[in-house]
Structures are given as structure tokens and as C-alpha cells.
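K.L.:
This is work.txt (compact mmCIF, C-alpha atoms and all ligand atoms).
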# COMPACT_ATOMS: atom_id res chain seq x y z
CA MET A 14 50.09 166.38 80.90
CA ARG A 15 48.17 163.20 80.07
CA LEU A 16 46.73 161.50 83.15
CA THR A 17 45.43 157.96 83.49
CA ASP A 18 42.02 157.29 85.04
CA ASP A 19 43.50 156.42 88.43
CA GLU A 20 45.60 159.59 88.40
CA LYS A 21 42.57 161.70 87.51
CA ALA A 22 40.59 160.05 90.32
CA MET A 23 43.31 160.90 92.82
CA LEU A 24 43.49 164.46 91.55
CA ASP A 25 39.71 164.78 91.91
CA GLY A 26 39.91 163.75 95.55
CA LYS A 27 38.49 160.22 95.26
CA GLU A 28 41.27 159.00 97.58
CA GLY A 29 41.10 161.90 100.00
CA PRO A 30 42.47 165.42 100.20
CA ALA A 31 46.14 164.59 100.86
CA ARG A 32 46.50 162.40 97.76
CA SER A 33 44.64 165.05 95.77
CA LYS A 34 47.13 167.71 96.94
CA ALA A 35 50.00 165.37 96.14
CA MET A 36 48.69 164.70 92.63
CA ASP A 37 48.12 168.41 92.06
CA LEU A 38 51.73 169.06 93.06
CA LEU A 39 53.03 166.37 90.70
CA VAL A 40 51.00 167.72 87.80
CA ARG A 41 52.26 171.27 88.36
CA TYR A 42 55.82 170.02 88.74
CA GLY A 43 55.62 167.71 85.73
CA GLU A 44 54.16 170.44 83.51
CA ALA A 45 56.92 172.85 84.54
CA LEU A 46 59.45 170.19 83.50
CA GLY A 47 57.73 169.47 80.20
CA ALA A 48 56.88 165.89 81.19
CA GLU A 49 54.08 164.39 79.11
CA ARG A 50 52.98 161.92 81.74
CA LEU A 51 53.68 160.34 85.10
CA ILE A 52 55.29 156.94 85.69
CA ASP A 53 54.46 154.42 88.42
CA THR A 54 56.99 153.98 91.19
CA ASN A 55 57.12 151.63 94.12
CA ASN A 56 60.35 152.96 95.59
CA VAL A 57 60.55 156.37 97.25
CA CYS A 58 63.31 157.85 99.43
CA LEU A 59 62.29 161.03 101.19
CA ALA A 60 63.17 163.31 104.07
CA ILE A 61 60.53 164.78 106.33
CA GLY A 62 62.86 165.37 109.28
CA MET A 63 61.52 167.90 111.72
CA SER A 64 64.82 169.24 113.02
CA GLY A 65 65.57 171.85 110.32
CA PRO A 66 65.03 175.40 111.64
CA PHE A 67 62.11 176.50 109.40
CA ILE A 68 60.05 173.38 109.70
CA ARG A 69 60.86 173.12 113.40
CA ASP A 70 59.57 176.62 114.13
CA PHE A 71 56.50 175.99 112.01
CA ALA A 72 55.76 172.67 113.72
CA VAL A 73 56.16 174.28 117.15
CA LYS A 74 53.92 177.23 116.19
CA THR A 75 51.14 175.10 114.71
CA GLY A 76 51.61 172.15 117.06
CA SER A 77 50.81 169.83 114.18
CA LEU A 78 53.05 167.59 112.12
CA ASP A 79 50.23 167.13 109.61
CA ALA A 80 50.36 170.92 109.14
CA ALA A 81 54.14 170.86 108.75
CA PHE A 82 53.95 168.03 106.20
CA SER A 83 51.15 169.81 104.30
CA GLU A 84 53.10 173.06 104.14
CA PHE A 85 56.64 171.83 103.53
CA SER A 86 56.16 168.54 101.74
CA LEU A 87 52.92 169.08 99.81
CA ASP A 88 53.17 172.84 99.20
CA SER A 89 49.71 173.26 100.74
CA SER A 90 48.81 176.01 103.21
CA GLU A 91 45.55 174.12 103.75
CA VAL A 92 46.20 171.50 106.45
CA VAL A 93 45.29 167.99 105.35
CA GLU A 94 45.49 164.82 107.39
CA ILE A 95 48.36 162.73 106.04
CA PRO A 96 47.36 159.11 105.31
CA GLU A 97 49.65 156.09 105.00
CA VAL A 98 52.07 156.14 102.12
CA LYS A 99 50.86 154.26 99.09
CA VAL A 100 54.19 152.70 98.06
CA PHE A 101 57.44 151.49 99.65
CA THR A 102 59.04 154.59 101.15
CA CYS A 103 62.29 154.99 103.11
CA HIS A 104 63.57 157.89 105.13
CA LEU A 105 66.94 159.33 104.17
CA ILE A 106 69.38 160.98 106.54
CA GLN A 107 68.06 163.02 109.48
CA GLY A 108 69.14 166.01 111.53
CA LEU A 109 70.61 164.21 114.54
CA ASP A 110 71.62 160.89 116.02
CA PRO A 111 69.04 160.01 118.70
CA ASP A 112 71.79 158.28 120.74
CA HIS A 113 74.33 161.12 120.53
CA TRP A 114 72.30 164.31 120.21
CA GLU A 115 73.83 165.87 123.32
CA ILE A 116 77.39 165.26 122.13
CA GLN A 117 76.34 166.70 118.78
CA GLY A 118 75.32 169.91 120.55
CA VAL A 119 71.60 169.62 119.79
CA ASP A 120 69.03 171.26 122.14
CA ARG A 121 66.64 169.02 124.04
CA SER A 122 63.61 170.75 122.45
CA VAL A 123 64.98 169.96 118.98
CA TYR A 124 65.63 166.36 119.98
CA GLU A 125 62.08 165.99 121.33
CA LEU A 126 60.53 167.39 118.17
CA HIS A 127 62.77 165.14 116.13
CA MET A 128 61.47 162.10 118.01
CA LYS A 129 57.89 163.22 117.35
CA GLY A 130 58.86 163.45 113.68
CA LEU A 131 60.07 159.85 113.77
CA SER A 132 56.74 158.73 115.27
CA PHE A 133 54.88 160.67 112.60
CA ALA A 134 56.99 159.02 109.86
CA THR A 135 56.32 155.52 111.19
CA ARG A 136 52.60 156.30 111.60
CA ILE A 137 52.36 157.00 107.87
CA GLY A 138 54.41 153.89 107.02
CA VAL A 139 57.82 155.36 106.20
CA GLN A 140 60.73 152.94 106.82
CA LEU A 141 63.23 154.61 109.13
CA MET A 142 66.45 153.66 107.36
CA ASN A 143 67.76 157.15 108.16
CA THR A 144 70.76 157.02 105.88
CA CYS A 145 71.99 158.67 102.71
CA ALA A 146 73.02 155.20 101.51
CA PRO A 147 69.78 153.17 101.53
CA TYR A 148 71.37 150.70 99.10
CA LEU A 149 73.63 149.57 101.99
CA VAL A 150 70.72 148.47 104.12
CA GLY A 151 68.21 146.77 101.90
CA ASN A 152 66.83 149.28 99.42
CA VAL A 153 68.56 148.06 96.28
CA PRO A 154 66.42 148.84 93.22
CA VAL A 155 66.88 146.59 90.20
CA LYS A 156 67.99 147.65 86.72
CA GLY A 157 65.27 149.64 85.02
CA GLU A 158 63.23 150.22 88.18
CA HIS A 159 61.65 153.70 88.27
CA CYS A 160 62.25 155.38 91.63
CA ALA A 161 61.65 158.73 93.29
CA TRP A 162 64.65 159.53 95.47
CA MET A 163 66.24 162.58 97.00
CA GLU A 164 69.95 162.75 97.95
CA SER A 165 72.41 163.20 95.12
CA SER A 166 74.91 160.56 96.29
CA ALA A 167 72.19 157.91 96.51
CA VAL A 168 70.65 158.86 93.17
CA ILE A 169 73.95 158.70 91.27
CA TYR A 170 74.76 155.32 92.85
CA ALA A 171 71.37 153.81 91.99
CA ASN A 172 71.31 155.27 88.46
CA SER A 173 74.90 154.38 87.57
CA VAL A 174 75.83 151.24 89.50
CA LEU A 175 72.41 149.59 89.75
CA GLY A 176 70.89 150.86 86.50
CA ALA A 177 67.74 152.05 88.28
CA ARG A 178 65.98 155.11 86.84
CA MET A 179 65.50 158.34 88.73
CA ASN A 180 66.22 162.05 88.91
CA CYS A 181 67.50 163.81 91.99
CA GLU A 182 64.15 164.87 93.38
CA GLY A 183 63.19 167.44 96.00
CA ARG A 184 61.40 167.13 99.29
CA GLU A 185 57.99 167.95 97.80
CA SER A 186 58.04 165.66 94.76
CA VAL A 187 59.15 162.61 96.78
CA ALA A 188 56.52 163.29 99.43
CA ALA A 189 53.89 163.46 96.69
CA ALA A 190 55.31 160.28 95.13
CA SER A 191 55.01 158.44 98.44
CA LEU A 192 51.29 159.25 98.66
CA THR A 193 50.46 158.53 95.02
CA GLY A 194 53.03 156.04 93.68
CA LYS A 195 53.69 158.39 90.76
CA ILE A 196 56.54 160.66 89.60
CA PRO A 197 56.93 162.78 86.43
CA TYR A 198 58.38 160.80 83.54
CA TRP A 199 61.31 162.91 82.41
CA GLY A 200 65.10 163.19 82.66
CA TYR A 201 66.85 159.95 83.60
CA HIS A 202 63.63 157.92 83.44
CA LEU A 203 63.93 158.17 79.63
CA ASP A 204 66.28 155.98 77.53
CA GLU A 205 67.64 158.84 75.43
CA ASN A 206 68.80 160.88 78.43
CA ARG A 207 70.78 157.99 79.87
CA LEU A 208 73.33 157.91 77.08
CA GLY A 209 76.84 159.18 77.70
CA THR A 210 77.83 162.67 76.59
CA HIS A 211 81.54 162.95 77.54
CA LEU A 212 84.24 160.32 77.13
CA VAL A 213 86.82 160.23 79.93
CA GLU A 214 90.02 158.34 79.14
CA VAL A 215 91.17 157.06 82.53
CA GLU A 216 94.95 156.85 82.20
CA TYR A 217 95.80 156.69 85.91
CA ASP A 218 95.43 153.24 87.48
CA VAL A 219 92.67 154.18 89.96
CA GLU A 220 92.64 151.77 92.85
CA SER A 221 92.09 153.26 96.33
CA ILE A 222 89.02 154.98 97.72
CA LEU A 223 91.07 158.19 97.58
CA ASP A 224 91.64 157.66 93.83
CA TRP A 225 87.94 157.10 93.17
CA ASN A 226 87.05 160.25 95.10
CA LEU A 227 89.55 162.21 93.01
CA LEU A 228 88.35 160.73 89.73
CA GLY A 229 84.72 161.55 90.53
CA TYR A 230 85.56 165.01 91.79
CA TYR A 231 87.68 165.92 88.76
CA VAL A 232 85.18 164.63 86.21
CA GLY A 233 82.15 166.17 87.94
CA GLU A 234 83.74 169.60 87.91
CA LEU A 235 84.32 169.38 84.15
CA VAL A 236 81.10 167.80 82.91
CA GLN A 237 78.76 169.44 85.45
CA GLU A 238 75.30 167.92 84.79
CA LYS A 239 76.19 165.75 81.83
CA VAL A 240 76.77 161.99 81.62
CA PRO A 241 80.46 160.97 81.66
CA VAL A 242 81.63 157.60 80.33
CA LEU A 243 84.81 156.39 82.02
CA GLN A 244 86.93 154.24 79.74
CA GLY A 245 90.17 152.46 80.61
CA VAL A 246 89.47 151.48 84.24
CA ARG A 247 91.62 148.40 84.75
CA ARG A 248 90.78 147.33 88.31
CA LEU A 249 87.28 146.40 89.30
CA PRO A 250 86.05 148.92 91.93
CA ASN A 251 83.97 147.70 94.86
CA LEU A 252 80.82 149.23 96.33
CA ALA A 253 82.67 151.69 98.61
CA ARG A 254 84.80 153.01 95.74
CA LEU A 255 81.80 153.57 93.47
CA LYS A 256 79.89 155.15 96.36
CA HIS A 257 82.65 157.73 96.85
CA CYS A 258 83.20 158.32 93.13
CA GLY A 259 79.53 159.15 92.55
CA ALA A 260 79.18 161.30 95.66
CA ALA A 261 82.23 163.35 94.66
CA ALA A 262 81.00 163.78 91.05
CA ALA A 263 77.58 164.87 92.28
CA SER A 264 79.24 167.49 94.53
CA SER A 265 81.76 169.14 92.22
CA GLY A 266 79.24 169.03 89.36
CA GLY A 267 75.64 167.93 89.29
CA VAL A 268 76.29 164.48 87.84
CA GLU A 269 73.38 162.08 88.40
CA LEU A 270 74.51 159.27 86.11
CA TYR A 271 77.88 157.99 84.89
CA HIS A 272 78.99 154.87 83.10
CA ILE A 273 82.16 152.80 83.40
CA VAL A 274 82.84 150.75 80.30
CA GLY A 275 82.80 147.04 81.04
CA ILE A 276 81.63 147.56 84.63
CA THR A 277 78.33 149.45 85.05
CA PRO A 278 75.17 147.85 83.63
CA GLU A 279 74.41 150.22 80.76
CA ALA A 280 77.98 150.30 79.42
CA ARG A 281 78.94 146.81 78.33
CA SER A 282 80.85 148.63 75.60
CA THR A 283 81.72 152.25 74.80
CA LYS A 284 79.34 152.03 71.86
CA GLU A 285 76.46 150.97 74.12
CA ALA A 286 77.22 153.74 76.63
CA PHE A 287 76.93 156.39 73.90
CA GLY A 288 74.11 154.66 72.02
CA GLY A 289 76.30 154.69 68.90
CA LYS A 290 76.63 158.51 69.00
CA LYS A 291 79.86 160.48 69.21
CA PRO A 292 80.88 162.03 72.54
CA VAL A 293 80.58 165.83 72.66
CA ALA A 294 84.06 166.00 74.19
CA THR A 295 86.89 163.74 75.28
CA LEU A 296 88.70 164.33 78.59
CA LYS A 297 91.47 162.50 80.33
CA PHE A 298 92.23 161.60 83.93
CA GLY A 299 95.93 160.98 84.46
CA LYS A 300 98.54 161.71 87.12
CA ARG A 301 98.33 165.48 86.65
CA GLU A 302 94.50 165.56 86.80
CA ARG A 303 94.62 163.46 89.97
CA GLU A 304 96.94 166.03 91.56
CA ILE A 305 94.70 168.92 90.51
CA ALA A 306 91.66 167.28 92.12
CA TYR A 307 93.63 166.60 95.33
CA ASP A 308 94.82 170.22 95.50
CA ASN A 309 91.32 171.56 94.87
CA LEU A 310 89.86 169.43 97.63
CA ASN A 311 92.54 170.66 100.04
CA SER A 312 92.36 174.33 99.07
CA SER A 313 90.50 175.42 102.22
CA ALA A 314 93.03 174.00 104.72
CA LYS A 315 96.08 175.78 106.08
CA GLU A 316 96.50 174.84 109.75
CA THR A 317 97.77 171.35 110.46
CA ALA A 318 96.31 170.94 113.96
CA VAL A 319 93.13 168.93 113.38
CA ASP A 320 90.12 169.27 115.75
CA PHE A 321 87.74 166.90 114.07
CA VAL A 322 88.00 163.84 111.81
CA MET A 323 84.81 162.86 110.00
CA LEU A 324 84.48 159.48 108.28
CA GLY A 325 81.37 158.09 106.66
CA CYS A 326 80.24 160.34 103.80
CA PRO A 327 78.26 158.74 102.24
CA HIS A 328 77.56 156.60 105.28
CA TYR A 329 80.24 153.96 105.75
CA SER A 330 79.69 150.37 104.67
CA ILE A 331 80.48 147.64 107.21
CA GLU A 332 83.60 146.83 105.21
CA GLN A 333 84.84 150.40 105.72
CA ILE A 334 84.16 150.20 109.47
CA TRP A 335 86.16 146.97 109.57
CA GLU A 336 89.06 148.66 107.72
CA VAL A 337 89.02 151.57 110.16
CA CYS A 338 88.99 149.22 113.14
CA LYS A 339 92.13 147.54 111.84
CA LEU A 340 93.82 150.98 111.78
CA LEU A 341 92.45 152.00 115.19
CA LYS A 342 92.89 148.80 117.18
CA ASP A 343 94.72 149.27 120.50
CA ARG A 344 95.36 152.94 119.75
CA ARG A 345 93.88 156.07 121.23
CA ILE A 346 92.95 159.31 119.51
CA HIS A 347 94.56 162.60 120.47
CA GLY A 348 93.09 164.56 123.39
CA ASN A 349 92.37 167.62 121.23
CA THR A 350 90.80 165.71 118.36
CA ASN A 351 87.40 164.13 117.88
CA LEU A 352 86.79 161.22 115.53
CA TRP A 353 83.17 160.66 114.50
CA ILE A 354 82.32 157.83 112.12
CA PHE A 355 78.89 157.71 110.46
CA THR A 356 77.02 154.61 109.29
CA PRO A 357 73.40 153.50 108.88
CA ARG A 358 71.83 152.31 112.13
CA ALA A 359 71.27 148.84 110.71
CA LEU A 360 75.01 148.50 110.10
CA LYS A 361 75.83 149.79 113.57
CA GLU A 362 73.94 146.78 114.85
CA ILE A 363 76.42 144.58 112.95
CA ALA A 364 79.33 146.70 114.18
CA ASP A 365 78.08 146.24 117.76
CA ARG A 366 77.84 142.50 117.31
CA ASN A 367 81.27 142.21 115.70
CA GLY A 368 83.02 144.19 118.42
CA TYR A 369 83.81 147.12 116.10
CA THR A 370 81.85 149.63 118.16
CA ASP A 371 83.93 148.60 121.19
CA ILE A 372 87.19 149.10 119.29
CA ILE A 373 86.04 152.54 118.15
CA THR A 374 84.84 153.53 121.61
CA ARG A 375 88.01 152.29 123.32
CA ALA A 376 90.02 154.45 120.94
CA GLY A 377 88.03 157.48 122.13
CA ALA A 378 86.03 157.82 118.89
CA ILE A 379 82.26 157.56 118.32
CA LEU A 380 80.26 155.51 115.85
CA MET A 381 77.21 157.61 114.97
CA THR A 382 74.09 156.95 112.92
CA ASP A 383 71.17 158.70 111.26
CA THR A 384 72.89 161.99 110.35
CA CYS A 385 76.07 163.76 109.17
CA PRO A 386 77.89 167.04 109.92
CA ALA A 387 77.44 168.79 106.56
CA LEU A 388 73.73 168.08 106.31
CA ALA A 389 72.74 168.60 109.94
CA HIS A 390 75.35 171.21 110.91
CA VAL A 391 76.47 169.03 113.81
CA MET A 392 80.14 168.84 114.76
CA PRO A 393 82.25 169.04 117.90
CA LYS A 394 82.05 172.43 119.57
CA GLY A 395 84.86 174.78 118.61
CA THR A 396 85.91 172.86 115.48
CA ARG A 397 88.09 175.02 113.22
CA VAL A 398 89.93 172.36 111.24
CA ALA A 399 88.48 169.06 110.05
CA ALA A 400 89.82 166.10 108.06
CA THR A 401 87.88 163.56 106.02
CA ASP A 402 88.35 160.78 103.46
CA SER A 403 85.28 161.93 101.54
CA GLY A 404 85.47 164.25 98.54
CA LYS A 405 81.86 165.21 99.10
CA GLN A 406 82.30 166.13 102.76
CA ALA A 407 85.55 168.01 101.96
CA HIS A 408 83.65 169.96 99.31
CA TYR A 409 80.79 170.93 101.62
CA LEU A 410 82.31 171.44 105.10
CA PRO A 411 84.19 174.66 104.23
CA ALA A 412 81.19 176.05 102.33
CA ILE A 413 78.45 175.07 104.78
CA LEU A 414 80.20 175.24 108.15
CA GLY A 415 83.05 177.62 107.30
CA ILE A 416 85.81 175.35 108.59
CA GLN A 417 89.13 174.40 107.05
CA THR A 418 89.01 170.83 105.78
CA TRP A 419 91.74 168.42 104.82
CA PHE A 420 90.95 165.63 102.39
CA GLY A 421 93.02 162.45 102.17
CA ALA A 422 93.25 158.70 102.48
CA THR A 423 91.42 156.95 105.30
CA ARG A 424 94.79 155.99 106.79
CA ASP A 425 95.88 159.66 106.81
CA CYS A 426 92.62 160.63 108.53
CA ILE A 427 93.13 158.02 111.24
CA GLU A 428 96.72 159.21 111.75
CA ALA A 429 95.40 162.77 112.09
CA ALA A 430 92.95 161.57 114.73
CA ILE A 431 95.74 159.79 116.63
CA THR A 432 98.37 162.55 116.42
CA GLY A 433 96.13 165.61 116.22
CA GLN A 434 98.13 166.74 113.16
CA TRP A 435 97.46 166.55 109.44
CA ARG A 436 100.39 164.94 107.66
CA GLY A 437 98.55 163.47 104.72
CA GLU A 438 99.92 163.68 101.23
CA LEU A 439 99.24 162.30 97.79
CA SER A 440 101.43 159.28 97.20
FE1 LIG A 501 75.48 161.52 103.31
FE2 LIG A 501 75.93 163.76 104.57
FE3 LIG A 501 77.66 162.87 102.88
S1 LIG A 501 74.01 163.15 103.64
S2 LIG A 501 76.49 161.78 101.36
S3 LIG A 501 77.07 161.85 104.80
S4 LIG A 501 77.09 165.03 103.12
Taking this structure as input, can you express it in the form of C-alpha cells?
P.N.:
Amino acid sequence: MRLTDDEKAMLDGKEGPARSKAMDLLVRYGEALGAERLIDTNNVCLAIGMSGPFIRDFAVKTGSLDAAFSEFSLDSSEVVEIPEVKVFTCHLIQGLDPDHWEIQGVDRSVYELHMKGLSFATRIGVQLMNTCAPYLVGNVPVKGEHCAWMESSAVIYANSVLGARMNCEGRESVAAASLTGKIPYWGYHLDENRLGTHLVEVEYDVESILDWNLLGYYVGELVQEKVPVLQGVRRLPNLARLKHCGAAAASSGGVELYHIVGITPEARSTKEAFGGKKPVATLKFGKREREIAYDNLNSSAKETAVDFVMLGCPHYSIEQIWEVCKLLKDRRIHGNTNLWIFTPRALKEIADRNGYTDIITRAGAILMTDTCPALAHVMPKGTRVAATDSGKQAHYLPAILGIQTWFGATRDCIEAAITGQWRGELS
């Protein structure tokens, strides 16, 4: 790999041992990927949360968060003191909500270590956005901006909707990027890899958030890690719809970038999306394909009594909280059912101010921040059957937490929370 003078200086330790370890990691990683060089980045989204079991045990054993960061984020058994990050760096989702950790069933010792982790992150200059949707709360990269982000739903949103450039990175590479301002130049950083591969003729008139989940889920499963180009979308989707579409496509497949002709920034025309080349295959998404995706997402669920309704995957926008409050107002959720809604902390502040948190609380539900059930393994005790309006969460809850999960429209999820019964169907 070709290194610039400043990269070589960092590698040689001129900026201290931590940046040298970070540069060493990036060089090893980049060479394994076949990258010829690194690219500058000033936008990193990472996760150094201390509540995961391995890192937690390690941090307790060593008593040092520098040691935990060295081991788990820099792949270094030698403990180095971690300096301030070099570039703008945000924290993604964490393992618990500091305001609701007891309700989430988290031990006090885990909570306390988590809080030490937050202090560590702020000491090294990481912005505690604590969300999987940083683009909702101020980290909105511009078209062409090279970033180093983890979290598949955030990466696909930023690549596809914003036209930023990134790959779905891992914990170690983003940590190294935060200390160096560099990331290997490969994959979706390069023009040629951003061109469409598969054409998807969208024949169904996708409109609702449910539709966009189903479209993303269906297409992701078929194209896996390729770049689909959606053609024929007649109604302009908003942020929430595109958020759900991407998250679903990144779950059923490994899609990191998609284009929608006439809507997303690198697809002003079908020709531009494919760079003048022919698609390797043409698929369609019509009424039948929509039904198949719905059935697949509901394949784990049998029992209709619902214990737990989860909304906010990816974290809800304020518009989605507003919509839910209209459905919940002056109603109360069923005594055997929990409704947890997840949003970034910065948006909860707006929800508090607008009276939405009160509406949610009066209904017997909880507005949570910082975490999510699938990632942190937090859910109401004894949950056997869940319901969600997120294709991504419906994909992961049965696999990760072994619970039956219904997927459906937000309205159907709220009705399940109110009645304790799943009665959703595809209309
Ligand atoms: Fe976010 Fe958790 Fe969903 S990390 S995208 S809410 S699975």
C-alpha cells in the first residue's frame, strides 16, 4: 500500500503509540482488501460501548478502558494510552438506555461500567449521539464525502440517499480512522463500484413505510451484496421510508448502496445509475413480490397474543413519533403488553418539549433512547411474542433473541399494543 508522508510519520510513531497502532491496523486491513492507498476522512461513526459481555469482562479484569480500547478497537495486546480523536467522530447505538436500564433488565454493575465507557468516550472527544441514525441528529455527510461508519442501516442511508462514500466498517477500522483521519480507499469509495448491477422494475405503487420495508427486504434478499437500481417509483418517498427501505435491504442481503431513478443523487437517469452499462439481471417488485416479502417477514410468528411491541428500528424520526402519538392519544396499552419506542436522545428532547413523551407515558408505553432490543438484547422480561413495523427488527429478533415476531404497519403494531393481540394483515 502506498502511504503519504504524514501516514508514514504516524505509522513510525511520530504522533504517539496509539496513532501508530491505528495506522498499522489500517495498513494491514487495507492490504488484506487489496486497497492501494488510504483516503482522508473527517467523519467517523464508531461504537466503543463497554456493555457487551467480552469487553465488559475484559474491562473489569484489567480495570482499564485504555486497555479495553487497545485490545478490542485497535487489535493491540500492548496497552496504549488513547489520545483525543483526530477527526469528527460520533458514537453509534449503545448497549442500554441510561434512563431505563432497570426496566431493560440490565445489572447495576453493567450500567456503571457503561457510564464509565461514556466518560471515556467524551474524554477522547467522541460525540455521544448514541443512535444508529446519526443523520437524524446532525451528522449528515454531503455528496461525495468519504466517511468511515459502522452500522449497516446508517451506511446504506448515507451512501444511497445522501451520496456520501463509505463501506460498512467494523469496530477496529473505525476506531483506527478516528485516531488517524484515514480509511482504506476501496469498495464504495471508488466510482466504479457505485454503479448499479441489478435493475428492479417497481410495478407496485409503493407508498407506506410498510411498502418500503417490503421493497427493501425483497430486493436485498435477491441481490445480496450487489447494487440494485429501483426504476418506476411514482411517489416521492420521505426520509423515514428510505430509512426503512435501506435497513431492510441491508438485513435480508448485504446491500450497502441502492439507487432510485429520478430520486437518489447518483441516479438522475437509469443510464447514469448503471454508468451506461447493462444490468446483470432485471427483477420486478409487484403485488405478488410484496406478498412474498410480507410472508417471509412473518414466518416466525404463530401465536397472536403479543407481549412486546417495538418501534424505532432504525431509531424513529420525530415525524414518526408524532404519527404514533396521533394513534396513541387518549388510549392505554394492554396490561400484558409492553410498548417501547426508540429514538435518538436529541429527538427525545424535542418529544419532551412537544408533549409527545407525555402522551406515550400516559398510554403506558416508554420512549427510550441510546439502544435497541436486537443489538443490546434488552426486552421486557418473559417476552415470547413481539411485533414491530421494522423489517430489520423483524428479521433479527427471531434469530438473535429467539422470539416470535410479527411484522406489519405502524397502525397494526399500535393496535396490537392496545389490544394485546396481533390482527395485522397486508391490505
Ligand atoms: Fe438501529 Fe437496532 Fe435497528 S441498531 S437499525 S434499532 S437493529
K.L.:
Could you list, as a compact mmCIF listing (two decimals) with C-alpha atoms, in the frame of the given file, every residue within 8 Å of region 48-64 of chain A, counting only C-alpha atoms and ignoring same-chain residues fewer than 6 positions away?
P.N.:
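Result went into part02.txt, see below:
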# COMPACT_ATOMS: atom_id res chain seq x y z
CA MET A 14 50.09 166.38 80.90
CA ARG A 15 48.17 163.20 80.07
CA LEU A 16 46.73 161.50 83.15
CA ALA A 72 55.76 172.67 113.72
CA PHE A 82 53.95 168.03 106.20
CA SER A 86 56.16 168.54 101.74
CA VAL A 100 54.19 152.70 98.06
CA PHE A 101 57.44 151.49 99.65
CA THR A 102 59.04 154.59 101.15
CA CYS A 103 62.29 154.99 103.11
CA HIS A 104 63.57 157.89 105.13
CA LEU A 105 66.94 159.33 104.17
CA ILE A 106 69.38 160.98 106.54
CA GLN A 107 68.06 163.02 109.48
CA GLY A 108 69.14 166.01 111.53
CA LEU A 109 70.61 164.21 114.54
CA VAL A 123 64.98 169.96 118.98
CA TYR A 124 65.63 166.36 119.98
CA LEU A 126 60.53 167.39 118.17
CA HIS A 127 62.77 165.14 116.13
CA GLY A 130 58.86 163.45 113.68
CA LEU A 131 60.07 159.85 113.77
CA ALA A 134 56.99 159.02 109.86
CA PRO A 154 66.42 148.84 93.22
CA GLU A 158 63.23 150.22 88.18
CA HIS A 159 61.65 153.70 88.27
CA CYS A 160 62.25 155.38 91.63
CA ALA A 161 61.65 158.73 93.29
CA TRP A 162 64.65 159.53 95.47
CA MET A 163 66.24 162.58 97.00
CA ARG A 184 61.40 167.13 99.29
CA VAL A 187 59.15 162.61 96.78
CA ALA A 188 56.52 163.29 99.43
CA ALA A 190 55.31 160.28 95.13
CA SER A 191 55.01 158.44 98.44
CA GLY A 194 53.03 156.04 93.68
CA LYS A 195 53.69 158.39 90.76
CA ILE A 196 56.54 160.66 89.60
CA PRO A 197 56.93 162.78 86.43
CA TYR A 198 58.38 160.80 83.54
CA TRP A 199 61.31 162.91 82.41
K.L.:
State, in Å with one decimal place, the distance from CA of Gln117 (chain A) to CA of Asn349 (chain A).
P.N.:
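Result for CA of Gln117 (chain A) versus CA of Asn349 (chain A): 16.2 Å, one decimal.
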K.L.:
Calculate how many Å separate CA of Phe287 (chain A) from CA of Gly275 (chain A), rounding to one decimal.
P.N.:
13.1 Å
K.L.:
Give me, please, the distance in Å between CA of Gly229 (chain A) and CA of Asn152 (chain A), quoted to one decimal.
P.N.:
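So the two atoms, CA of Gly229 (chain A) and CA of Asn152 (chain A), lie 23.4 Å apart.
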K.L.:
Please identify all protein, DNA and RNA residues within 8 Å of ligand LIG 501 (chain A), counting all atoms listed in the file, and report them as a list in words.
P.N.:
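My answer, listing the contacting residues, is Ile106, Thr144, Cys145, Ala146, Glu164, Ser165, Ser166, Ala167, Ala260, Gly325, Cys326, Pro327, His328, Phe355, Thr384, Cys385, Pro386, Ala387, Leu388, Ala389, Ser403, Lys405, Gln406 and Tyr409 of chain A.
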K.L.:
Could you tell me which of A:Leu360, A:Leu208, A:Ala262, A:Val268 comes closest to Glu285 (chain A) if we count all atoms listed in the file?
P.N.:
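When distances to Glu285 (chain A) are compared using all atoms listed in the file, the smallest one comes from A:Leu208.
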K.L.:
Need the shell around Leu243 (chain A): protein/DNA/RNA residues with any atom at most 12 Å away, counting all atoms listed in the file. Skip same-chain ones fewer than 3 positions apart. Format as a PyMOL selection string?
P.N.:
chain A and resi 173+209-217+219+225+228-229+232-233+240+246-247+258+270-277+280-283+286-287+292+295-298
K.L.:
Given only C-alpha atoms as the basis, pick out the residue of A:His257, A:Ile363, A:Glu84, A:Gly267 nearest to Phe67 (chain A).
P.N.:
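Smallest distance to Phe67 (chain A) is found for A:Glu84.
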K.L.:
For a quick check of understanding, using all atoms listed in the file, which of A:Ala359, A:Ile354, A:Ala412, A:Ala429 has the smallest distance to Leu141 (chain A)?
P.N.:
A:Ala359
K.L.:
Mind listing whatever residues come within 8 Å of the point (49.8, 158.0, 108.4)? Use all atoms listed in the file, file coordinates, and give them as a PyMOL selection string.
P.N.:
chain A and resi 95-98+133-138
K.L.:
Neighbours of Ile305 (chain A) within 12 Å (all atoms listed in the file; same-chain residues fewer than 2 positions away dropped), as number ranges by chain?
P.N.:
A: 227-228, 230-232, 234, 298-303, 307-312, 439
K.L.:
Choose the residue, out of A:Ile372, A:Ile334, A:Val391, A:Cys426, that has the smallest atom-to-atom separation from Leu352 (chain A); count all atoms listed in the file.
P.N.:
A:Cys426
K.L.:
Quick one: residues within 12 Å of Gly395 (chain A), only C-alpha atoms, excluding same-chain residues fewer than 6 positions away - as a list in words?
P.N.:
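In the requested form, the answer reads Gln117, Gly118, Val319, Asp320, Phe321, Asn349, Thr350, Asn351, Leu414, Gly415 and Ile416 of chain A.
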K.L.:
Closest to Arg254 (chain A) among A:Ser221, A:Thr17, A:Ser77, A:Ser90, using only C-alpha atoms?
P.N.:
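Ranked by minimum distance to Arg254 (chain A), first place goes to A:Ser221.
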K.L.:
Within 7 Å of Asp110 (chain A), counting all atoms listed in the file, which residues qualify if same-chain residues fewer than 5 places away don't, as a PyMOL selection string?
P.N.:
chain A and resi 381-384
K.L.:
Find, counting all atoms listed in the file, the residue in A:Glu316, A:Asp37, A:Asp343, A:Asp79 that gets nearest to Ala189 (chain A).
P.N.:
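Once distances to Ala189 (chain A) are computed over all atoms listed in the file, the minimum belongs to A:Asp37.
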